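Undergrad: Mind having a look at this structure? Questions to follow.
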Amino acid sequence: MQEHKSRGFRFALVPALGLLLSAAASAAPVKIGVLETLSGPQASSGQAYRSAVRYAIDQINAAGGWNGEPVQLLEYDNQGGPAGAADKLKAAAADGVQMIVQGASSAIGGQITEDVRKYNLRNPGKEIVYINVGAEALELTGEKCNFHHFRFSGDAQIRTKALVSAMKQANALGTRVYSINQNYSWGQDMERAISDNASAGGYQVVEKTLHDVNKVQDFAPYVAKIAASKADSVLTGNWSNDLLLLMKASKSAGLKVRFGTVFLDQPGNLANAGDLAIGHFVVHTFNAEAGGADGERFVNDYKAKTGHAPAFIEPQTVFGMAMVADALKRTPAEGGKLNVNAFAKALETAKIKSPMGEMSMRAADHQVQMPMVVSSVSKDARYKADDTDMGFKPVKRFSAEEASAPAQAACVMKRPG
Amino acid sequence: MDQFLVSLMNGVIYGLLLFMVSAGLTLIFGMMGVLNFAHASFYMLGAYFAYTLQDLIGFWGAVLVSPVLVGLVGVAVERFFLRRVHQYGHAHELLLTFGLSFIVAESIKLFFGNFPVDYRIPAALDVPAFAIGGAQYPVYRLLMGGIAIAMFIVIYLLLTRTRVGIVVRSAIYKPRMAEALGHNVPLVFMGVFGVGAALAGLAGAVAGAFYTTNPNMALELGVMVFVVVVVGGLGSLGGAMLASLLIGVVTSLAVSVDRSLADLFALVGAGAWARDVGGLLTLKISSLSATIPFALMLLILLVRPGGLMGEKV
């Protein structure tokens, strides 16, 4: 009796399974994998990227997903290093992920773009596309540029150009600039960009310093060097502790220099720096006050969905994913599946309107053309940061064309087909 | 000249801070043979305790109370964890403290978030002591140095000039004999571990306000503290002091040396060749300053494995 019953069940199961399988073959949902640093010392940035991607994916799905199905989000922890990223990229490929999203660390970005390029060479028809929302090293759109990599943030040239122009206009730059950066691809790019912009900014780079990344506890010796150089301002691409400690050390030495930074808006920085941050500059991709009503709407919606206001790299990630959504919309399904090459071609022509203005993708090197804004820390800012009485007051806005830097000659893009 | 003087002072004071943290580590190792991986976590706990307490009892109160709390945590760790695994040997103790350091770091993230917290030196102390070479020298740095020196003197006197010191040293040297003479050796070990932790806590409470108080601070300083202890000689308080000062001064002075190996080759007329080769040869010393202590450690391990003032290997 029991035997009979179970057989009946099995017979019922087989057609059901077959039905499921055929459905899966005809319509495969798009899988997007976030490959971020979700644990360890640098987890805070990785988690910020993740929260922005989650927000963006929810929006895509609220608008109907793709091909009548919700887009799936998978999360992978690269554990803060290229080795972990390479490992997890394999896992993601095995899971059928077609889009890899990553932003924290150019070192990891460099690994992913190379691995993706090789994977695509070896697996035609099963391509993966790398959505780079924050790895800003120039080589990613230079020597290492490839058809399946797209960058949705700035780079050292774009950031420095805007920063220098706005600080010069605000009469905050002076004629003697000290350049201090971290000794790896991003910091070296920044150092070059600061020198490249010297004539445009009407300054002289009095001294250039590269230091170890996140290893220096005591910046007093560097500050002594800055003091001895009699610089008017310090331009730096430093982030996290390397920026905070540098600014704190110069404050306690009573140094009267202006800082031009790229990452002063990282959460926690203003709270920890306190009043000493006032008057210093940051170049970023979004400032709610500069964005007006659209900016306010975005901030409020983001806050309602994630519980915190978008800060640091979150806006650029949301905008980047909005461009992905735009390209997805224009890519029809082929046999129920996403053709990644067709999607990448659509992404090359993606164009959206973010709260900061028009942004588009440049096909030549897959570098996004996006508006930038330079702000200074002030108590008059409309939106306060980190629960302090300070925030970022917009100083100057740059449209995408104004912010743009020319494509690098080193990029030779090979398109499939 | 002025800049050299400032660099020297910066180096000495940074070195003194390193000493504050490594003193406890080297004491614990010297007396109990436990290589405490969680030691820098006690440093971090000190900073976070002080940050939490400063609203309630003010900055100075917080700086005084937080080491006591960290010391109590240390006592608890020794009493309820280390003592249980002691019989299985040093590897187990090491693994236990290693795990503990993760637990502390993750709990801190859980309670205080992933970002640096708003722990700063009070405005009254945020003033320059004197001006030198176009820059001011902050009072707080001198204060940190003073506290470290006072700490060194107190520990040194305590160990060499008091009865407690005699008991502690005998408990380390011949624990069974000390026990036979009626001394409570486990209590001594617990006390030493607690005091070691409290010293790290004090360093955290003082330095956390000057640098940043964030969940990575244990990681950032922890490695350097191990370097100090290895260079100075495991278990030697004087060695820790010497190594701290050495590392502090060397890293600080290296920052102002914009020379590379290529410049050295230039002396014998091979400068152009060296610049052509590039790579290591053109790397400026200043960009390596944070790496120099590790090179120093390597050198010490090769030449004098016991450390500068260590007794034996």
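Residue numbering restarts at 1 for every chain of the structure tokens, chains are lettered A, B, ... in their displayed order, and ligands are numbered from 1 as they appear.
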Contacts between chain A and chain B, please, where a residue of chain B counts if it comes within 9 Å (with only C-alpha atoms); show its shortest atom pair and distance in Å to one decimal, rows by chain and ascending number, as a Markdown table.
TA:
| residue | atom | partner | partner_atom | distance |
| --- | --- | --- | --- | --- |
| B:Gln3 | CA | A:Ala224 | CA | 6.5 |
| B:Val6 | CA | A:Ala224 | CA | 6.9 |
| B:Ser7 | CA | A:Pro221 | CA | 5.6 |
| B:Leu8 | CA | A:Pro221 | CA | 8.8 |
| B:Asn10 | CA | A:Ala220 | CA | 6.3 |
| B:Gly11 | CA | A:Pro221 | CA | 7.7 |
| B:Tyr14 | CA | A:Asp218 | CA | 6.9 |
| B:Gly113 | CA | A:Ser44 | CA | 8.9 |
| B:Asn114 | CA | A:Ser44 | CA | 5.7 |
| B:Phe115 | CA | A:Gly268 | CA | 5.2 |
| B:Pro116 | CA | A:Gly268 | CA | 5.4 |
| B:Val117 | CA | A:Asn272 | CA | 5.8 |
| B:Asp118 | CA | A:Asn272 | CA | 4.5 |
| B:Tyr119 | CA | A:Asn272 | CA | 6.7 |
| B:Arg120 | CA | A:Asn272 | CA | 7.3 |
| B:Asp126 | CA | A:Ser252 | CA | 7.0 |
| B:Val127 | CA | A:Ser252 | CA | 7.5 |
| B:Pro128 | CA | A:Ala253 | CA | 7.3 |
| B:Ala131 | CA | A:Ala253 | CA | 8.8 |
| B:Gly133 | CA | A:Ala228 | CA | 7.2 |
| B:Gly134 | CA | A:Ala227 | CA | 6.4 |
| B:Ala135 | CA | A:Ala253 | CA | 5.7 |
| B:Gln136 | CA | A:Ala253 | CA | 4.7 |
| B:Tyr137 | CA | A:Ala253 | CA | 5.6 |
| B:Pro138 | CA | A:Ser252 | CA | 5.7 |
| B:Val139 | CA | A:Ser252 | CA | 8.9 |
| B:Tyr140 | CA | A:Ser252 | CA | 8.8 |
| B:Phe210 | CA | A:Lys248 | CA | 8.0 |
| B:Tyr211 | CA | A:Leu245 | CA | 6.2 |
| B:Thr212 | CA | A:Leu245 | CA | 7.0 |
| B:Thr213 | CA | A:Asn272 | CA | 8.3 |
| B:Asn214 | CA | A:Asn241 | CA | 8.9 |
| B:Pro215 | CA | A:Pro41 | CA | 7.6 |
| B:Asn216 | CA | A:Pro41 | CA | 5.8 |
| B:Leu219 | CA | A:Pro41 | CA | 8.1 |
| B:Glu220 | CA | A:Lys215 | CA | 6.5 |
| B:Leu221 | CA | A:Gln217 | CA | 7.5 |
| B:Thr251 | CA | A:Pro221 | CA | 8.6 |
| B:Ser252 | CA | A:Pro221 | CA | 5.4 |
| B:Leu253 | CA | A:Pro221 | CA | 7.4 |
| B:Ala254 | CA | A:Pro221 | CA | 8.9 |
| B:Val255 | CA | A:Pro221 | CA | 6.4 |
| B:Ser256 | CA | A:Lys225 | CA | 6.7 |
| B:Asp258 | CA | A:Thr209 | CA | 8.9 |
| B:Lys284 | CA | A:Leu210 | CA | 8.7 |
| B:Ser286 | CA | A:His211 | CA | 7.2 |
| B:Ser287 | CA | A:His211 | CA | 4.5 |
| B:Leu288 | CA | A:Asp212 | CA | 6.6 |
| B:Ser289 | CA | A:His211 | CA | 7.5 |
| B:Ala290 | CA | A:Val216 | CA | 6.0 |
| B:Thr291 | CA | A:Asp212 | CA | 7.7 |
Undergrad: Can you pull out the residues contacting Ile300 in chain B? Cut-off 12 Å, using only C-alpha atoms, and skip same-chain residues under 6 positions away; I want them as a list of chain:residue names.
TA: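 Here the answer would be B:Val227, B:Val228, B:Val229, B:Val230, B:Val231, B:Gly232, B:Gly233, B:Ala243, B:Pro293, B:Phe294, B:Gly306, B:Gly307, B:Leu308, B:Met309, B:Gly310.
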Undergrad: Could you tell me how far CA of Gly237 in chain A sits from CA of Glu136 in chain A, in Å to one decimal place?
TA: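 Separation of CA of Glu136 in chain A and CA of Gly237 in chain A: 10.8 Å.
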Undergrad: Which residues come within 9 Å of Glu402 in chain A, counting only C-alpha atoms, excluding same-chain residues fewer than 4 positions away, as a ChimeraX atom specification?
TA: /A:162,371-372,398
Undergrad: Take the residues just selected and output them with N, CA and C atoms as a PDB file, in the first residue's frame.
TA:
ATOM      1  N   ALA A 162      37.782  69.155 -11.875  1.00  0.00           N
ATOM      2  CA  ALA A 162      36.661  69.872 -11.274  1.00  0.00           C
ATOM      3  C   ALA A 162      37.082  70.532  -9.962  1.00  0.00           C
ATOM      4  N   PRO A 371      27.749  64.482 -14.403  1.00  0.00           N
ATOM      5  CA  PRO A 371      27.991  65.777 -13.755  1.00  0.00           C
ATOM      6  C   PRO A 371      28.762  65.574 -12.457  1.00  0.00           C
ATOM      7  N   MET A 372      29.566  66.549 -12.090  1.00  0.00           N
ATOM      8  CA  MET A 372      30.273  66.514 -10.819  1.00  0.00           C
ATOM      9  C   MET A 372      29.900  67.776 -10.045  1.00  0.00           C
ATOM     10  N   PHE A 398      29.292  71.086 -12.183  1.00  0.00           N
ATOM     11  CA  PHE A 398      29.846  70.877 -13.520  1.00  0.00           C
ATOM     12  C   PHE A 398      28.902  69.947 -14.263  1.00  0.00           C
TER      13      PHE A 398
END
Undergrad: I'd like the neighbourhood of Leu16 in chain B as a list in words, where a residue qualifies if any of its atoms comes within 9 Å (using only C-alpha atoms), though same-chain residues fewer than 6 positions away should be ignored.
TA: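 Once the adjacent positions are removed, what remains is Met144, Gly145, Gly146, Ile147, Ala148, Ile149, Met241, Ser244, Leu245 and Gly248 of chain B.
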Undergrad: Excluding Arg54 in chain A and residues on its chain fewer than 4 positions from it, collect all residues at most 12 Å away from it, counting only C-alpha atoms, and give them as a list in words.
TA: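 The filter keeps Ile32, Gly33, Val34, Gln47, Ala48, Tyr49, Arg50, Asp58, Gln59, Ile60, Asn61, Val71, Gln72, Leu73, Leu74, Glu75, Val101, Tyr302, Lys305, Thr306, Glu314, Thr317, Val318, Met321 and Ala322 of chain A.
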Undergrad: Please produce a file of the residues just selected, as a PDB file, in the first residue's frame, where the atoms kept are N, CA and C atoms.
TA:
ATOM      1  N   ILE A  32      22.184  39.451 -11.221  1.00  0.00           N
ATOM      2  CA  ILE A  32      23.191  40.477 -11.010  1.00  0.00           C
ATOM      3  C   ILE A  32      23.935  40.141  -9.725  1.00  0.00           C
ATOM      4  N   GLY A  33      25.237  40.070  -9.796  1.00  0.00           N
ATOM      5  CA  GLY A  33      26.020  39.710  -8.611  1.00  0.00           C
ATOM      6  C   GLY A  33      26.790  40.910  -8.087  1.00  0.00           C
ATOM      7  N   VAL A  34      26.602  41.208  -6.798  1.00  0.00           N
ATOM      8  CA  VAL A  34      27.429  42.227  -6.163  1.00  0.00           C
ATOM      9  C   VAL A  34      28.635  41.510  -5.580  1.00  0.00           C
ATOM     10  N   GLN A  47      29.690  47.585   2.109  1.00  0.00           N
ATOM     11  CA  GLN A  47      28.285  47.518   2.506  1.00  0.00           C
ATOM     12  C   GLN A  47      27.496  48.705   1.978  1.00  0.00           C
ATOM     13  N   ALA A  48      28.174  49.860   1.836  1.00  0.00           N
ATOM     14  CA  ALA A  48      27.494  51.024   1.267  1.00  0.00           C
ATOM     15  C   ALA A  48      27.140  50.758  -0.194  1.00  0.00           C
ATOM     16  N   TYR A  49      28.095  50.182  -0.939  1.00  0.00           N
ATOM     17  CA  TYR A  49      27.811  49.829  -2.337  1.00  0.00           C
ATOM     18  C   TYR A  49      26.632  48.861  -2.392  1.00  0.00           C
ATOM     19  N   ARG A  50      26.663  47.873  -1.497  1.00  0.00           N
ATOM     20  CA  ARG A  50      25.600  46.875  -1.516  1.00  0.00           C
ATOM     21  C   ARG A  50      24.247  47.510  -1.277  1.00  0.00           C
ATOM     22  N   ASP A  58      15.703  46.972  -6.418  1.00  0.00           N
ATOM     23  CA  ASP A  58      14.295  47.046  -6.008  1.00  0.00           C
ATOM     24  C   ASP A  58      13.516  47.951  -6.949  1.00  0.00           C
ATOM     25  N   GLN A  59      14.171  49.030  -7.383  1.00  0.00           N
ATOM     26  CA  GLN A  59      13.506  49.943  -8.310  1.00  0.00           C
ATOM     27  C   GLN A  59      13.256  49.278  -9.656  1.00  0.00           C
ATOM     28  N   ILE A  60      14.273  48.543 -10.136  1.00  0.00           N
ATOM     29  CA  ILE A  60      14.109  47.854 -11.420  1.00  0.00           C
ATOM     30  C   ILE A  60      12.931  46.880 -11.330  1.00  0.00           C
ATOM     31  N   ASN A  61      12.880  46.150 -10.213  1.00  0.00           N
ATOM     32  CA  ASN A  61      11.827  45.150 -10.071  1.00  0.00           C
ATOM     33  C   ASN A  61      10.455  45.787  -9.861  1.00  0.00           C
ATOM     34  N   VAL A  71      14.437  40.859 -11.572  1.00  0.00           N
ATOM     35  CA  VAL A  71      15.880  40.677 -11.663  1.00  0.00           C
ATOM     36  C   VAL A  71      16.380  40.130 -10.338  1.00  0.00           C
ATOM     37  N   GLN A  72      17.271  39.149 -10.399  1.00  0.00           N
ATOM     38  CA  GLN A  72      17.758  38.558  -9.143  1.00  0.00           C
ATOM     39  C   GLN A  72      19.076  39.191  -8.721  1.00  0.00           C
ATOM     40  N   LEU A  73      19.192  39.440  -7.414  1.00  0.00           N
ATOM     41  CA  LEU A  73      20.440  39.996  -6.882  1.00  0.00           C
ATOM     42  C   LEU A  73      21.146  38.935  -6.041  1.00  0.00           C
ATOM     43  N   LEU A  74      22.392  38.648  -6.374  1.00  0.00           N
ATOM     44  CA  LEU A  74      23.191  37.714  -5.572  1.00  0.00           C
ATOM     45  C   LEU A  74      24.352  38.486  -4.969  1.00  0.00           C
ATOM     46  N   GLU A  75      24.718  38.121  -3.740  1.00  0.00           N
ATOM     47  CA  GLU A  75      25.786  38.869  -3.079  1.00  0.00           C
ATOM     48  C   GLU A  75      26.979  37.969  -2.781  1.00  0.00           C
ATOM     49  N   VAL A 101      28.749  43.576 -10.220  1.00  0.00           N
ATOM     50  CA  VAL A 101      28.814  44.964  -9.780  1.00  0.00           C
ATOM     51  C   VAL A 101      29.845  45.073  -8.665  1.00  0.00           C
ATOM     52  N   TYR A 302      15.402  57.414  -0.927  1.00  0.00           N
ATOM     53  CA  TYR A 302      16.480  56.517  -0.515  1.00  0.00           C
ATOM     54  C   TYR A 302      16.423  56.276   0.990  1.00  0.00           C
ATOM     55  N   LYS A 305      13.652  53.911   1.926  1.00  0.00           N
ATOM     56  CA  LYS A 305      13.869  52.497   1.578  1.00  0.00           C
ATOM     57  C   LYS A 305      15.017  51.877   2.365  1.00  0.00           C
ATOM     58  N   THR A 306      16.074  52.645   2.619  1.00  0.00           N
ATOM     59  CA  THR A 306      17.261  52.028   3.226  1.00  0.00           C
ATOM     60  C   THR A 306      17.494  52.465   4.661  1.00  0.00           C
ATOM     61  N   GLU A 314      27.174  56.055  -2.644  1.00  0.00           N
ATOM     62  CA  GLU A 314      25.862  55.479  -2.903  1.00  0.00           C
ATOM     63  C   GLU A 314      25.148  56.133  -4.093  1.00  0.00           C
ATOM     64  N   THR A 317      26.398  54.947  -7.444  1.00  0.00           N
ATOM     65  CA  THR A 317      26.036  53.556  -7.677  1.00  0.00           C
ATOM     66  C   THR A 317      24.585  53.453  -8.141  1.00  0.00           C
ATOM     67  N   VAL A 318      23.702  54.226  -7.489  1.00  0.00           N
ATOM     68  CA  VAL A 318      22.288  54.216  -7.886  1.00  0.00           C
ATOM     69  C   VAL A 318      22.147  54.732  -9.317  1.00  0.00           C
ATOM     70  N   MET A 321      23.393  52.137 -11.770  1.00  0.00           N
ATOM     71  CA  MET A 321      22.435  51.041 -11.928  1.00  0.00           C
ATOM     72  C   MET A 321      21.204  51.502 -12.705  1.00  0.00           C
ATOM     73  N   ALA A 322      20.875  52.793 -12.619  1.00  0.00           N
ATOM     74  CA  ALA A 322      19.756  53.320 -13.399  1.00  0.00           C
ATOM     75  C   ALA A 322      20.099  53.254 -14.887  1.00  0.00           C
TER      76      ALA A 322
END
Undergrad: Name the closest residue to Ala62 in chain A among the candidates A:Leu140, A:Ala325, A:Ile313, A:Ile100; distances are taken between atoms, counting only C-alpha atoms.
TA: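 Nearest candidate to Ala62 in chain A out of A:Leu140, A:Ala325, A:Ile313, A:Ile100: A:Ala325.
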